[in-house]
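final-v7.pdb follows (PDB, C-alpha atoms and all ligand atoms):
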ATOM      1  CA  MET O   1      79.395 109.665 133.903
ATOM      2  CA  GLU O   2      77.407 106.548 133.234
ATOM      3  CA  ARG O   3      75.529 105.825 130.056
ATOM      4  CA  LEU O   4      73.357 103.001 128.959
ATOM      5  CA  LEU O   5      74.700 100.296 126.728
ATOM      6  CA  ALA O   6      72.087  98.039 125.251
ATOM      7  CA  LEU O   7      73.213  94.681 123.990
ATOM      8  CA  SER O   8      70.795  92.841 121.829
ATOM      9  CA  ILE O   9      71.067  89.099 121.470
ATOM     10  CA  PRO O  10      68.828  87.562 118.817
ATOM     11  CA  PRO O  11      65.952  85.669 120.305
ATOM     12  CA  LEU O  12      67.354  82.315 121.301
ATOM     13  CA  GLY O  13      67.553  80.575 124.611
ATOM     14  CA  PRO O  14      67.132  82.187 127.956
ATOM     15  CA  ILE O  15      69.200  85.320 127.287
ATOM     16  CA  ARG O  16      67.414  87.642 124.936
ATOM     17  CA  ARG O  17      68.509  91.107 125.840
ATOM     18  CA  ARG O  18      70.659  92.727 128.457
ATOM     19  CA  VAL O  19      71.143  96.352 129.281
ATOM     20  CA  PHE O  20      74.491  97.304 130.734
ATOM     21  CA  SER O  21      75.667 100.565 132.097
ATOM     22  CA  ARG O  22      79.255 101.446 131.360
ATOM     23  CA  ASN O  23      81.692 104.216 131.947
ATOM     24  CA  GLY O  24      81.265 106.676 129.069
ATOM     25  CA  GLN O  25      84.817 108.056 129.317
ATOM     26  CA  GLY O  26      86.624 105.848 126.870
ATOM     27  CA  LYS O  27      86.897 102.114 126.659
ATOM     28  CA  THR O  28      87.210 100.116 129.811
ATOM     29  CA  LYS O  29      88.754  96.733 130.238
ATOM     30  CA  GLY O  30      85.448  95.361 131.429
ATOM     31  CA  GLN O  31      84.520  91.930 130.212
ATOM     32  CA  PHE O  32      80.997  90.646 130.024
ATOM     33  CA  ARG O  33      80.260  86.999 130.404
ATOM     34  CA  LEU O  34      77.407  86.457 128.000
ATOM     35  CA  GLY O  35      75.194  83.648 126.880
ATOM     36  CA  TYR O  36      75.494  81.899 123.546
ATOM     37  CA  CYS O  37      76.596  84.265 120.815
ATOM     38  CA  PRO O  38      74.613  82.816 117.925
ATOM     39  CA  ASN O  39      75.314  85.165 115.048
ATOM     40  CA  SER O  40      79.039  84.907 114.870
ATOM     41  CA  PRO O  41      80.136  83.588 111.489
ATOM     42  CA  ASP O  42      83.728  83.405 112.628
ATOM     43  CA  SER O  43      83.343  82.052 116.125
ATOM     44  CA  GLY O  44      82.539  78.459 115.224
ATOM     45  CA  ASP O  45      81.925  78.345 118.943
ATOM     46  CA  THR O  46      79.374  75.893 120.167
ATOM     47  CA  ASN O  47      80.087  76.489 123.859
ATOM     48  CA  ASP O  48      77.253  78.237 125.519
ATOM     49  CA  THR O  49      79.393  81.050 126.854
ATOM     50  CA  ALA O  50      81.642  83.528 125.067
ATOM     51  CA  MET O  51      83.807  86.383 126.299
ATOM     52  CA  ILE O  52      83.116  89.737 124.694
ATOM     53  CA  THR O  53      85.110  92.871 125.476
ATOM     54  CA  GLU O  54      83.947  96.441 124.948
ATOM     55  CA  GLU O  55      86.103  96.699 121.834
ATOM     56  CA  ASP O  56      83.783  94.154 120.268
ATOM     57  CA  PHE O  57      80.822  96.563 120.272
ATOM     58  CA  ILE O  58      79.521  99.078 117.777
ATOM     59  CA  ASP O  59      77.712 102.089 119.262
ATOM     60  CA  PHE O  60      75.137 104.144 117.392
ATOM     61  CA  THR O  61      71.813 105.918 117.705
ATOM     62  CA  CYS O  62      68.613 104.039 116.893
ATOM     63  CA  PRO O  63      67.114 105.810 113.863
ATOM     64  CA  TYR O  64      63.600 105.321 115.292
ATOM     65  CA  CYS O  65      63.682 106.067 119.027
ATOM     66  CA  ARG O  66      67.045 107.949 119.007
ATOM     67  CA  ASP O  67      68.255 105.960 122.020
ATOM     68  CA  ALA O  68      71.958 105.086 122.206
ATOM     69  CA  VAL O  69      72.368 101.387 121.479
ATOM     70  CA  SER O  70      75.319  99.085 121.128
ATOM     71  CA  PHE O  71      75.581  95.751 119.349
ATOM     72  CA  PRO O  72      78.400  93.223 119.190
ATOM     73  CA  MET O  73      80.702  93.902 116.214
ATOM     74  CA  GLN O  74      79.658  90.626 114.626
ATOM     75  CA  HIS O  75      76.252  92.219 113.970
ATOM     76  CA  ARG O  76      77.679  95.113 111.952
ATOM     77  CA  ASP O  77      75.936  95.724 108.636
ATOM     78  CA  SER O  78      73.141  93.324 109.534
ATOM     79  CA  LEU O  79      69.463  93.457 110.312
ATOM     80  CA  GLN O  80      68.670  93.638 114.032
ATOM     81  CA  GLN O  81      65.946  94.796 116.355
ATOM     82  CA  CYS O  82      66.394  97.895 118.504
ATOM     83  CA  PRO O  83      66.402  96.635 122.109
ATOM     84  CA  MET O  84      64.720  99.873 123.214
ATOM     85  CA  CYS O  85      61.841 100.375 120.769
ATOM     86  CA  PHE O  86      61.875  96.943 119.040
ATOM     87  CA  GLU O  87      61.901  98.457 115.543
ATOM     88  CA  SER O  88      63.891  96.659 112.835
ATOM     89  CA  LEU O  89      67.085  98.455 111.806
ATOM     90  CA  VAL O  90      70.381  97.859 110.030
ATOM     91  CA  VAL O  91      73.434  98.135 112.282
ATOM     92  CA  PRO O  92      76.083 100.424 110.734
ATOM     93  CA  GLU O  93      79.202  98.902 109.261
ATOM     94  CA  LYS O  94      81.622 101.120 111.178
ATOM     95  CA  PRO O  95      81.525 102.876 114.546
ATOM     96  CA  GLY O  96      80.409 106.484 114.169
ATOM     97  CA  GLU O  97      78.054 105.740 111.282
ATOM     98  CA  ALA O  98      74.281 106.024 111.704
ATOM     99  CA  GLY O  99      71.985 103.022 112.087
ATOM    100  CA  ARG O 100      69.652 102.641 109.109
ATOM    101  CA  LYS O 101      65.881 102.450 109.002
ATOM    102  CA  ILE O 102      64.271  99.693 106.969
ATOM    103  CA  ALA O 103      63.541 101.128 103.523
ATOM    104  CA  LEU O 104      59.778 100.685 103.465
ATOM    105  CA  PRO O 105      57.624 101.299 101.477
ATOM    106  CA  PHE O 106      59.419 100.983  98.153
ATOM    107  CA  SER O 107      58.321 101.095  94.521
ATOM    108  CA  THR O 108      58.887  99.497  91.153
ATOM    109  CA  GLU O 109      57.837 100.852  87.775
ATOM    110  CA  ARG O 110      54.189  99.817  88.284
ATOM    111  CA  LEU O 111      53.915  98.706  91.914
ATOM    112  CA  ALA O 112      54.180 100.076  95.433
ATOM    113  CA  LEU O 113      55.335  97.500  97.995
ATOM    114  CA  ARG O 114      54.045  98.388 101.453
ATOM    115  CA  ARG O 115      52.698  96.961 104.687
ATOM    116  CA  LEU O 116      49.139  95.679 104.583
ATOM    117  CA  GLY O 117      46.439  97.733 106.310
ATOM    118  CA  PRO O 118      42.805  97.273 107.378
ATOM    119  CA  ALA O 119      41.559  98.883 104.136
ATOM    120  CA  ASP O 120      43.106  96.021 102.108
ATOM    121  CA  TRP O 121      40.640  93.394 103.305
ATOM    122  CA  GLN O 122      38.418  93.462 100.202
ATOM    123  CA  ASP O 123      41.313  93.184  97.730
ATOM    124  CA  LEU O 124      42.854  90.428  99.841
ATOM    125  CA  LEU O 125      39.541  88.614  99.950
ATOM    126  CA  ASP O 126      39.477  88.654  96.127
ATOM    127  CA  ILE O 127      42.852  86.879  96.105
ATOM    128  CA  MET O 128      42.446  84.557  99.055
ATOM    129  CA  SER O 129      38.869  83.403  98.401
ATOM    130  CA  ASP O 130      39.924  82.110  94.975
ATOM    131  CA  GLU O 131      40.418  78.318  95.066
ATOM    132  CA  GLU O 132      42.925  78.592  92.236
ATOM    133  CA  THR O 133      45.292  80.502  94.573
ATOM    134  CA  PHE O 134      45.679  77.283  96.610
ATOM    135  CA  ARG O 135      45.971  74.828  93.754
ATOM    136  CA  TYR O 136      49.682  74.306  94.413
ATOM    137  CA  THR O 137      50.025  75.778  97.888
ATOM    138  CA  SER O 138      48.852  74.615 101.288
ATOM    139  CA  GLY O 139      45.813  76.179 102.873
ATOM    140  CA  HIS O 140      42.300  76.771 101.655
ATOM    141  CA  PRO O 141      40.211  79.732 100.536
ATOM    142  CA  LEU O 142      39.679  82.333 103.268
ATOM    143  CA  ASP O 143      36.492  84.193 104.128
ATOM    144  CA  GLU O 144      36.108  87.787 105.281
ATOM    145  CA  GLU O 145      36.416  86.922 108.964
ATOM    146  CA  ALA O 146      39.673  85.025 108.416
ATOM    147  CA  ILE O 147      41.096  87.918 106.372
ATOM    148  CA  LEU O 148      40.247  90.433 109.107
ATOM    149  CA  ARG O 149      41.879  88.207 111.753
ATOM    150  CA  TRP O 150      44.965  87.854 109.564
ATOM    151  CA  LEU O 151      45.243  91.621 109.057
ATOM    152  CA  GLU O 152      44.899  92.204 112.770
ATOM    153  CA  SER O 153      47.696  89.796 113.666
ATOM    154  CA  ASP O 154      49.888  90.931 110.742
ATOM    155  CA  ALA O 155      49.872  94.460 112.155
ATOM    156  CA  HIS O 156      51.948  93.171 115.107
ATOM    157  CA  VAL O 157      54.553  91.407 112.973
ATOM    158  CA  LYS O 158      57.851  93.162 112.341
ATOM    159  CA  LEU O 159      60.435  92.202 109.756
ATOM    160  CA  THR O 160      62.606  90.918 112.598
ATOM    161  CA  THR O 161      59.835  88.799 114.133
ATOM    162  CA  PRO O 162      61.360  85.345 113.692
ATOM    163  CA  ASP O 163      59.524  82.592 111.862
ATOM    164  CA  GLN O 164      56.472  84.762 111.113
ATOM    165  CA  PRO O 165      55.569  85.952 107.629
ATOM    166  CA  PHE O 166      56.087  89.694 107.283
ATOM    167  CA  CYS O 167      53.662  90.646 104.520
ATOM    168  CA  LEU O 168      54.236  93.260 101.870
ATOM    169  CA  GLY O 169      51.215  94.276  99.849
ATOM    170  CA  LEU O 170      51.703  94.678  96.083
ATOM    171  CA  ALA O 171      49.614  97.697  95.124
ATOM    172  CA  LEU O 172      49.253  99.281  91.706
ATOM    173  CA  ARG O 173      50.911 102.674  91.732
ATOM    174  CA  GLU O 174      48.148 103.810  89.449
ATOM    175  CA  GLY O 175      44.895 103.661  91.419
ATOM    176  CA  GLY O 176      46.329 101.878  94.487
ATOM    177  CA  LYS O 177      44.514  98.539  94.066
ATOM    178  CA  LEU O 178      46.172  95.709  95.994
ATOM    179  CA  ILE O 179      46.822  92.925  93.489
ATOM    180  CA  GLY O 180      48.894  90.556  95.592
ATOM    181  CA  TYR O 181      51.273  90.182  98.480
ATOM    182  CA  ALA O 182      54.721  88.817  99.215
ATOM    183  CA  GLY O 183      55.567  87.145 102.519
ATOM    184  CA  LEU O 184      59.067  87.234 104.032
ATOM    185  CA  ARG O 185      59.743  84.878 106.903
ATOM    186  CA  LEU O 186      63.073  85.441 108.631
ATOM    187  CA  SER O 187      64.435  82.450 110.447
ATOM    188  CA  ALA O 188      65.620  82.397 114.045
ATOM    189  CA  PRO O 189      68.078  82.725 115.606
ATOM    190  CA  ASP O 190      70.240  84.902 113.385
ATOM    191  CA  LEU O 191      67.658  86.657 111.163
ATOM    192  CA  LEU O 192      70.046  86.494 108.216
ATOM    193  CA  GLN O 193      67.951  84.214 106.034
ATOM    194  CA  ALA O 194      64.454  84.716 104.681
ATOM    195  CA  HIS O 195      61.925  82.499 102.976
ATOM    196  CA  VAL O 196      59.829  84.287 100.366
ATOM    197  CA  THR O 197      56.352  83.517  99.021
ATOM    198  CA  ILE O 198      54.229  85.454  96.564
ATOM    199  CA  HIS O 199      50.545  85.440  95.679
ATOM    200  CA  LEU O 200      48.886  87.391  92.912
ATOM    201  CA  ASN O 201      45.243  88.057  92.090
ATOM    202  CA  ARG O 202      44.378  85.782  89.154
ATOM    203  CA  ALA O 203      43.101  88.744  87.132
ATOM    204  CA  PHE O 204      46.573  90.307  87.243
ATOM    205  CA  GLN O 205      48.676  87.237  86.478
ATOM    206  CA  LYS O 206      50.679  86.772  83.274
ATOM    207  CA  GLN O 207      51.448  90.468  83.066
ATOM    208  CA  GLY O 208      54.876  90.481  84.676
ATOM    209  CA  PHE O 209      53.730  91.936  88.003
ATOM    210  CA  ALA O 210      54.957  88.987  90.074
ATOM    211  CA  LEU O 211      58.418  89.104  88.514
ATOM    212  CA  GLU O 212      58.608  92.874  88.963
ATOM    213  CA  ALA O 213      57.645  92.480  92.631
ATOM    214  CA  LEU O 214      59.950  89.541  93.356
ATOM    215  CA  LYS O 215      62.973  91.289  91.858
ATOM    216  CA  ALA O 216      62.254  94.287  94.090
ATOM    217  CA  VAL O 217      61.815  92.033  97.141
ATOM    218  CA  LEU O 218      65.222  90.427  96.472
ATOM    219  CA  ARG O 219      66.804  93.864  96.129
ATOM    220  CA  PHE O 220      65.176  94.825  99.439
ATOM    221  CA  CYS O 221      66.476  91.644 101.117
ATOM    222  CA  PHE O 222      70.049  91.825  99.882
ATOM    223  CA  GLN O 223      70.827  95.505  99.296
ATOM    224  CA  ASP O 224      68.678  97.268 101.873
ATOM    225  CA  THR O 225      68.316  94.673 104.596
ATOM    226  CA  ARG O 226      71.677  92.935 104.132
ATOM    227  CA  LEU O 227      70.336  89.397 104.408
ATOM    228  CA  HIS O 228      72.685  86.511 103.690
ATOM    229  CA  ARG O 229      70.346  84.121 101.877
ATOM    230  CA  VAL O 230      66.803  84.059 100.503
ATOM    231  CA  THR O 231      64.969  80.812  99.809
ATOM    232  CA  ALA O 232      61.724  79.875  98.096
ATOM    233  CA  THR O 233      59.948  76.601  97.466
ATOM    234  CA  CYS O 234      57.150  75.531  95.171
ATOM    235  CA  ASP O 235      55.241  72.453  94.144
ATOM    236  CA  SER O 236      57.107  70.941  91.182
ATOM    237  CA  ARG O 237      53.895  71.099  89.109
ATOM    238  CA  ASN O 238      53.536  74.856  89.680
ATOM    239  CA  SER O 239      55.007  75.943  86.364
ATOM    240  CA  ALA O 240      54.105  79.623  86.869
ATOM    241  CA  ALA O 241      56.046  79.678  90.151
ATOM    242  CA  VAL O 242      58.991  77.742  88.660
ATOM    243  CA  LYS O 243      59.275  80.266  85.817
ATOM    244  CA  LEU O 244      58.917  83.169  88.180
ATOM    245  CA  LEU O 245      61.577  81.995  90.652
ATOM    246  CA  GLU O 246      64.068  81.112  87.926
ATOM    247  CA  LYS O 247      63.506  84.361  86.022
ATOM    248  CA  ALA O 248      64.056  86.300  89.241
ATOM    249  CA  GLY O 249      67.500  84.674  89.479
ATOM    250  CA  LEU O 250      66.951  82.108  92.206
ATOM    251  CA  ARG O 251      69.071  78.977  91.855
ATOM    252  CA  ARG O 252      67.432  75.555  92.006
ATOM    253  CA  GLU O 253      69.026  73.653  94.882
ATOM    254  CA  GLY O 254      67.076  70.456  94.748
ATOM    255  CA  GLU O 255      63.820  68.607  94.716
ATOM    256  CA  PHE O 256      62.270  66.717  97.583
ATOM    257  CA  VAL O 257      60.297  63.754  96.332
ATOM    258  CA  LYS O 258      56.806  63.247  97.719
ATOM    259  CA  ASP O 259      57.709  65.199 100.870
ATOM    260  CA  ASN O 260      54.436  67.076 101.211
ATOM    261  CA  ILE O 261      50.792  66.144 101.357
ATOM    262  CA  LEU O 262      48.865  68.738  99.400
ATOM    263  CA  HIS O 263      45.100  68.471  99.228
ATOM    264  CA  GLY O 264      45.345  64.764 100.026
ATOM    265  CA  GLU O 265      48.127  63.915  97.581
ATOM    266  CA  TRP O 266      51.898  63.384  98.034
ATOM    267  CA  THR O 267      53.718  66.072  96.042
ATOM    268  CA  ASN O 268      57.308  67.043  95.199
ATOM    269  CA  THR O 269      58.830  70.307  96.431
ATOM    270  CA  LEU O 270      61.392  72.303  94.455
ATOM    271  CA  CYS O 271      63.832  74.335  96.548
ATOM    272  CA  TYR O 272      65.367  77.593  95.337
ATOM    273  CA  ALA O 273      67.843  80.003  96.918
ATOM    274  CA  ALA O 274      70.040  83.014  96.288
ATOM    275  CA  LEU O 275      72.975  84.294  98.323
ATOM    276  CA  ARG O 276      73.821  87.940  98.770
ATOM    277  CA  GLU O 277      77.144  87.515  97.005
ATOM    278  CA  GLU O 278      75.422  85.874  94.033
ATOM    279  CA  TYR O 279      73.061  88.773  93.883
ATOM    280  CA  THR O 280      75.478  91.660  94.427
ATOM    281  CA  GLU O 281      78.597  90.188  92.806
ATOM    282  CA  PRO O 282      77.387  87.394  90.500
ATOM    283  CA  ALA O 283      80.686  87.098  88.605
ATOM    284  CA  ALA O 284      82.746  86.764  91.803
ATOM    285  CA  ALA O 285      80.341  84.193  93.268
ATOM    286  CA  GLN O 286      80.485  82.103  90.085
ATOM    287  CA  GLN O 287      84.281  82.173  90.095
ATOM    288  CA  ALA O 288      84.358  81.119  93.772
ATOM    289  CA  SER O 289      82.003  78.200  93.133
ATOM    290  CA  GLN O 290      84.268  76.950  90.321
ATOM    291  CA  THR O 291      87.437  76.886  92.416
TER     292      THR O 291
HETATM  293  C1  LIG J 301      53.210  82.178  91.108
HETATM  294  C2  LIG J 301      52.517  83.431  90.576
HETATM  295  C3  LIG J 301      52.755  84.569  91.559
HETATM  296  C4  LIG J 301      53.144  83.753  89.207
HETATM  297  O1  LIG J 301      52.455  84.828  88.635
HETATM  298  P1  LIG J 301      52.561  85.168  87.064
HETATM  299  O2  LIG J 301      51.518  86.130  86.796
HETATM  300  O3  LIG J 301      52.614  83.913  86.295
HETATM  301  O4  LIG J 301      54.000  85.796  86.992
HETATM  302  P2  LIG J 301      54.358  87.127  86.202
HETATM  303  O5  LIG J 301      53.532  88.229  86.651
HETATM  304  O6  LIG J 301      55.787  87.364  86.340
HETATM  305  O7  LIG J 301      53.964  86.730  84.740
HETATM  306  C5  LIG J 301      54.871  86.159  83.902
HETATM  307  C6  LIG J 301      54.300  86.261  82.508
HETATM  308  O8  LIG J 301      53.843  87.597  82.269
HETATM  309  C7  LIG J 301      54.245  88.000  80.953
HETATM  310  N1  LIG J 301      54.806  89.355  81.111
HETATM  311  C8  LIG J 301      56.004  89.671  81.653
HETATM  312  N2  LIG J 301      56.154  91.019  81.658
HETATM  313  C9  LIG J 301      55.035  91.533  81.105
HETATM  314  C10 LIG J 301      54.585  92.849  80.853
HETATM  315  N3  LIG J 301      55.331  93.911  81.202
HETATM  316  N4  LIG J 301      53.372  93.001  80.276
HETATM  317  C11 LIG J 301      52.625  91.929  79.971
HETATM  318  N5  LIG J 301      52.995  90.675  80.189
HETATM  319  C12 LIG J 301      54.183  90.466  80.760
HETATM  320  C13 LIG J 301      55.284  87.082  80.443
HETATM  321  O9  LIG J 301      54.794  86.613  79.216
HETATM  322  C14 LIG J 301      55.348  85.986  81.465
HETATM  323  O10 LIG J 301      54.963  84.793  80.897
HETATM  324  P3  LIG J 301      56.090  83.804  80.375
HETATM  325  O11 LIG J 301      57.006  83.562  81.507
HETATM  326  O12 LIG J 301      55.286  82.625  79.984
HETATM  327  O13 LIG J 301      56.756  84.490  79.247
HETATM  328  C15 LIG J 301      50.995  83.201  90.379
HETATM  329  O14 LIG J 301      50.792  82.128  89.527
HETATM  330  C16 LIG J 301      50.257  82.940  91.684
HETATM  331  O15 LIG J 301      49.940  83.873  92.429
HETATM  332  N6  LIG J 301      49.963  81.664  91.969
HETATM  333  C17 LIG J 301      49.250  81.284  93.183
HETATM  334  C18 LIG J 301      50.148  81.340  94.412
HETATM  335  C19 LIG J 301      51.402  80.532  94.194
HETATM  336  O16 LIG J 301      51.371  79.424  93.698
HETATM  337  N7  LIG J 301      52.528  81.098  94.641
HETATM  338  C20 LIG J 301      53.809  80.454  94.514
HETATM  339  C21 LIG J 301      54.445  80.289  95.847
HETATM  340  S1  LIG J 301      56.119  80.879  95.770
END
Can I see the file as C-alpha cells?
Amino acid sequence: MERLLALSIPPLGPIRRRVFSRNGQGKTKGQFRLGYCPNSPDSGDTNDTAMITEEDFIDFTCPYCRDAVSFPMQHRDSLQQCPMCFESLVVPEKPGEAGRKIALPFSTERLALRRLGPADWQDLLDIMSDEETFRYTSGHPLDEEAILRWLESDAHVKLTTPDQPFCLGLALREGGKLIGYAGLRLSAPDLLQAHVTIHLNRAFQKQGFALEALKAVLRFCFQDTRLHRVTATCDSRNSAAVKLLEKAGLRREGEFVKDNILHGEWTNTLCYAALREEYTEPAAAQQASQT
C-alpha cells in the first residue's frame, strides 16, 4: 500500500518541495538524496547535498487540509508551510502528535490582533496619511489608492511568506476600531527569525497600546510560533520606539552610525533583538551568557 509523503524544504535554491511515495508498512531503508538542507542547526553542513533516511522524518496530519504530511525531524516544533495547502503550521515535537494551526487572531486586555481586511482602509488611511508616522521611519504618507493596493497584496501574504511583512491589525476590543498595525517579516531560508515593526494612530499613542500589542506579538512569535529570534530596529532619535522596544524586553545589540538616509539625512539605527530562550527562560539564558 503506497501513501504520499510530502517533504517540504524551505524556499531556497532550486529544490523547494518534493513529494515522495513510500511504502506505508513500516519504515524502509530507503534513502533520499536531497538538495541543501538549510534548517539544520546541528548539521553544520555546507555541502549542497545531504543524506536523509526515513527515520529522520516526522509524520502528521495538516491541521488545515487534513492531508498526511511529513517533514524532516530537524523541523520539529518549528513553523513551516504545509506543502499541500500552503497554510502556515507548527510541526509537532514528537511523531504521533498533531500539527498545530497558527493561533490567530489573539487578544490582549484591550486589543484584538488580527489580519487586516478591506474594511480597514479608512482606519489605516488615518494612520498612514499622517506625516508624523514617517518622521523616524522610511516611506511617505499614503493616499487611499495606495492603502487599497496594500490591502489587496497583503491578503496574499502568509506568515511563512519569506521577506514580506505579515501585517496584524491592532483593533480595539471595544468598538473594533483599528488603531495600528504590527508587521512581522520572517527571513528566508529558515523562517526562524522575524523582524517586527509597529505603527500606532497618533490619537492613540501614549496610552500603553503599543506596549500591550508588542508584548503579545512577542508571545505569539516565541510561544505559539516557536521562532528562534525576533529583531527590531529604530532611528536612534525615535525615543518613543526606543522606550517601547526596551520596555517590551528587547535587548539592544548595537547602533549603526549614519547607515541610513532618512528624508535626505544620514541617521543612526539602533538594533534590538530577543531570543526564544531569553523570553521563555530568562534566568537560564542570563546564566548561559555569563559562563
Ligand atoms: C513607536 C510607537 C508605536 C510608540 O507608541 P507609544 O504610544 O509611545 O507607546 P505606548 O502605547 O506603549 O505608550 C507608552 C506610554 O503610554 C503610557 N501608558 C502605558 N500604559 C498606559 C495605560 N494603561 N494607560 C495610559 N497610559 C499608559 C506610559 O506613560 C508610556 O509612556 P512612558 O514610557 O513615557 O511612561 C509610536 O510612537 C508610533 O507609532 N510611531 C510611529 C511609527 C514608528 O516610529 N514605529 C517604530 C518602528 S519599530
Hits from the PyMOL selection byres (((chain O and resi 168) around 8) and not hetatm), listed as a list in words
Leu113, Arg114, Arg115, Leu116, Phe166, Cys167, Gly169, Leu170, Tyr181, Ala182 and Gly183 of chain O
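Between Ser107 in chain O and the residues O:Ile58, O:Ala273, O:Ala171, O:Ala188, the shortest atom-to-atom distance, using only C-alpha atoms, involves O:Ala171.
Between CA of Leu159 in chain O and CA of Arg135 in chain O lies a distance of 27.7 Å.
Note on the selection: in this file the PyMOL selection byres (((chain O and resi 98) around 8) and not hetatm) comes out as Phe60, Thr61, Cys62, Pro63, Val91, Pro92, Gly96, Glu97, Gly99 and Arg100 of chain O.
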Residue selection dump (C-alpha atoms) as a PDB file, in the frame of the given file:
ATOM      1  CA  PHE O  60      75.137 104.144 117.392  1.00  0.00           C
ATOM      2  CA  THR O  61      71.813 105.918 117.705  1.00  0.00           C
ATOM      3  CA  CYS O  62      68.613 104.039 116.893  1.00  0.00           C
ATOM      4  CA  PRO O  63      67.114 105.810 113.863  1.00  0.00           C
ATOM      5  CA  VAL O  91      73.434  98.135 112.282  1.00  0.00           C
ATOM      6  CA  PRO O  92      76.083 100.424 110.734  1.00  0.00           C
ATOM      7  CA  GLY O  96      80.409 106.484 114.169  1.00  0.00           C
ATOM      8  CA  GLU O  97      78.054 105.740 111.282  1.00  0.00           C
ATOM      9  CA  GLY O  99      71.985 103.022 112.087  1.00  0.00           C
ATOM     10  CA  ARG O 100      69.652 102.641 109.109  1.00  0.00           C
TER      11      ARG O 100
END
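Closest approach to Val90 in chain O among O:Cys234, O:Ile198, O:Ile102, O:Ala146 is made by O:Ile102 (distances from all atoms listed in the file).
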Closest of O:His228, O:Arg149, O:Arg276, O:Arg110 to Glu174 in chain O, counting only C-alpha atoms, is O:Arg110
What do you get, as a count of residues only, if you spell out every residue that the PyMOL selection byres (((chain O and resi 72-82) around 6) and not hetatm) selects here?
18
For Val217 in chain O, which of O:Lys177, O:Leu184, O:Gln193, O:Val69 is the closest residue, counting all atoms listed in the file?
O:Leu184
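Non-sequential neighbours of Gly139 in chain O (distance at most 12 Å, separation of 5 or more positions within a chain, all atoms listed in the file) are Met128, Ser129, Asp130, Glu131, Glu132, Thr133, Phe134, Ile261, Leu262, His263 and Gly264 of chain O.
Take CA of Ala248 in chain O and atom C19 of ligand LIG 301 (chain J): the distance between them is 14.8 Å.
Candidate residues O:Leu250, O:Cys221, O:Val242, O:Val157 were compared for distance to ligand LIG 301 (chain J), and the nearest is O:Val242, using only C-alpha atoms and all ligand atoms.
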Between CA of Phe204 in chain O and atom O3 of ligand LIG 301 (chain J) lies a distance of 8.8 Å
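Ranking O:Gly249, O:Gly175, O:Pro95, O:Pro282 by their shortest atom-to-atom distance to Ala112 in chain O, with all atoms listed in the file included, puts O:Gly175 first.
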Near ligand LIG 301 (chain J), 7 Å: chain O residue rows, closest pairs, all atoms listed in the file, as JSON lines:
{"residue": "O:Glu132", "atom": "CA", "partner": "J:LIG301", "partner_atom": "C17", "distance": 6.9}
{"residue": "O:Thr133", "atom": "CA", "partner": "J:LIG301", "partner_atom": "C17", "distance": 4.3}
{"residue": "O:Phe134", "atom": "CA", "partner": "J:LIG301", "partner_atom": "C17", "distance": 6.4}
{"residue": "O:Tyr136", "atom": "CA", "partner": "J:LIG301", "partner_atom": "O16", "distance": 5.4}
{"residue": "O:Thr137", "atom": "CA", "partner": "J:LIG301", "partner_atom": "O16", "distance": 5.7}
{"residue": "O:Val196", "atom": "CA", "partner": "J:LIG301", "partner_atom": "S1", "distance": 6.8}
{"residue": "O:Thr197", "atom": "CA", "partner": "J:LIG301", "partner_atom": "S1", "distance": 4.2}
{"residue": "O:Ile198", "atom": "CA", "partner": "J:LIG301", "partner_atom": "S1", "distance": 5.0}
{"residue": "O:His199", "atom": "CA", "partner": "J:LIG301", "partner_atom": "O15", "distance": 3.7}
{"residue": "O:Leu200", "atom": "CA", "partner": "J:LIG301", "partner_atom": "O15", "distance": 3.7}
{"residue": "O:Asn201", "atom": "CA", "partner": "J:LIG301", "partner_atom": "O15", "distance": 6.3}
{"residue": "O:Arg202", "atom": "CA", "partner": "J:LIG301", "partner_atom": "O15", "distance": 6.7}
{"residue": "O:Phe204", "atom": "CA", "partner": "J:LIG301", "partner_atom": "O2", "distance": 6.5}
{"residue": "O:Gln205", "atom": "CA", "partner": "J:LIG301", "partner_atom": "O2", "distance": 3.1}
{"residue": "O:Lys206", "atom": "CA", "partner": "J:LIG301", "partner_atom": "O8", "distance": 3.4}
{"residue": "O:Gln207", "atom": "CA", "partner": "J:LIG301", "partner_atom": "N5", "distance": 3.3}
{"residue": "O:Gly208", "atom": "CA", "partner": "J:LIG301", "partner_atom": "O5", "distance": 3.3}
{"residue": "O:Phe209", "atom": "CA", "partner": "J:LIG301", "partner_atom": "O5", "distance": 4.0}
{"residue": "O:Ala210", "atom": "CA", "partner": "J:LIG301", "partner_atom": "O5", "distance": 3.8}
{"residue": "O:Leu211", "atom": "CA", "partner": "J:LIG301", "partner_atom": "O6", "distance": 3.8}
{"residue": "O:Glu212", "atom": "CA", "partner": "J:LIG301", "partner_atom": "O6", "distance": 6.7}
{"residue": "O:Ala232", "atom": "CA", "partner": "J:LIG301", "partner_atom": "S1", "distance": 6.2}
{"residue": "O:Thr233", "atom": "CA", "partner": "J:LIG301", "partner_atom": "S1", "distance": 6.0}
{"residue": "O:Cys234", "atom": "CA", "partner": "J:LIG301", "partner_atom": "S1", "distance": 5.5}
{"residue": "O:Asn238", "atom": "CA", "partner": "J:LIG301", "partner_atom": "O16", "distance": 6.5}
{"residue": "O:Ala240", "atom": "CA", "partner": "J:LIG301", "partner_atom": "O3", "distance": 4.6}
{"residue": "O:Ala241", "atom": "CA", "partner": "J:LIG301", "partner_atom": "C1", "distance": 3.9}
{"residue": "O:Lys243", "atom": "CA", "partner": "J:LIG301", "partner_atom": "O11", "distance": 5.9}
{"residue": "O:Leu244", "atom": "CA", "partner": "J:LIG301", "partner_atom": "O6", "distance": 5.5}
Exercise: Leu148 in chain O partners within 8 Å, all atoms listed in the file, chain neighbours under 3 positions left out, as a list in words
Pro118, Trp121, Glu144, Glu145, Leu151 and Glu152 of chain O
Give as a PyMOL selection string every residue, naming chains and numbers as the document does, that has an atom within 8 Å of (71.5, 90.6, 99.0), counting only C-alpha atoms.
chain O and resi 218-229+275-280
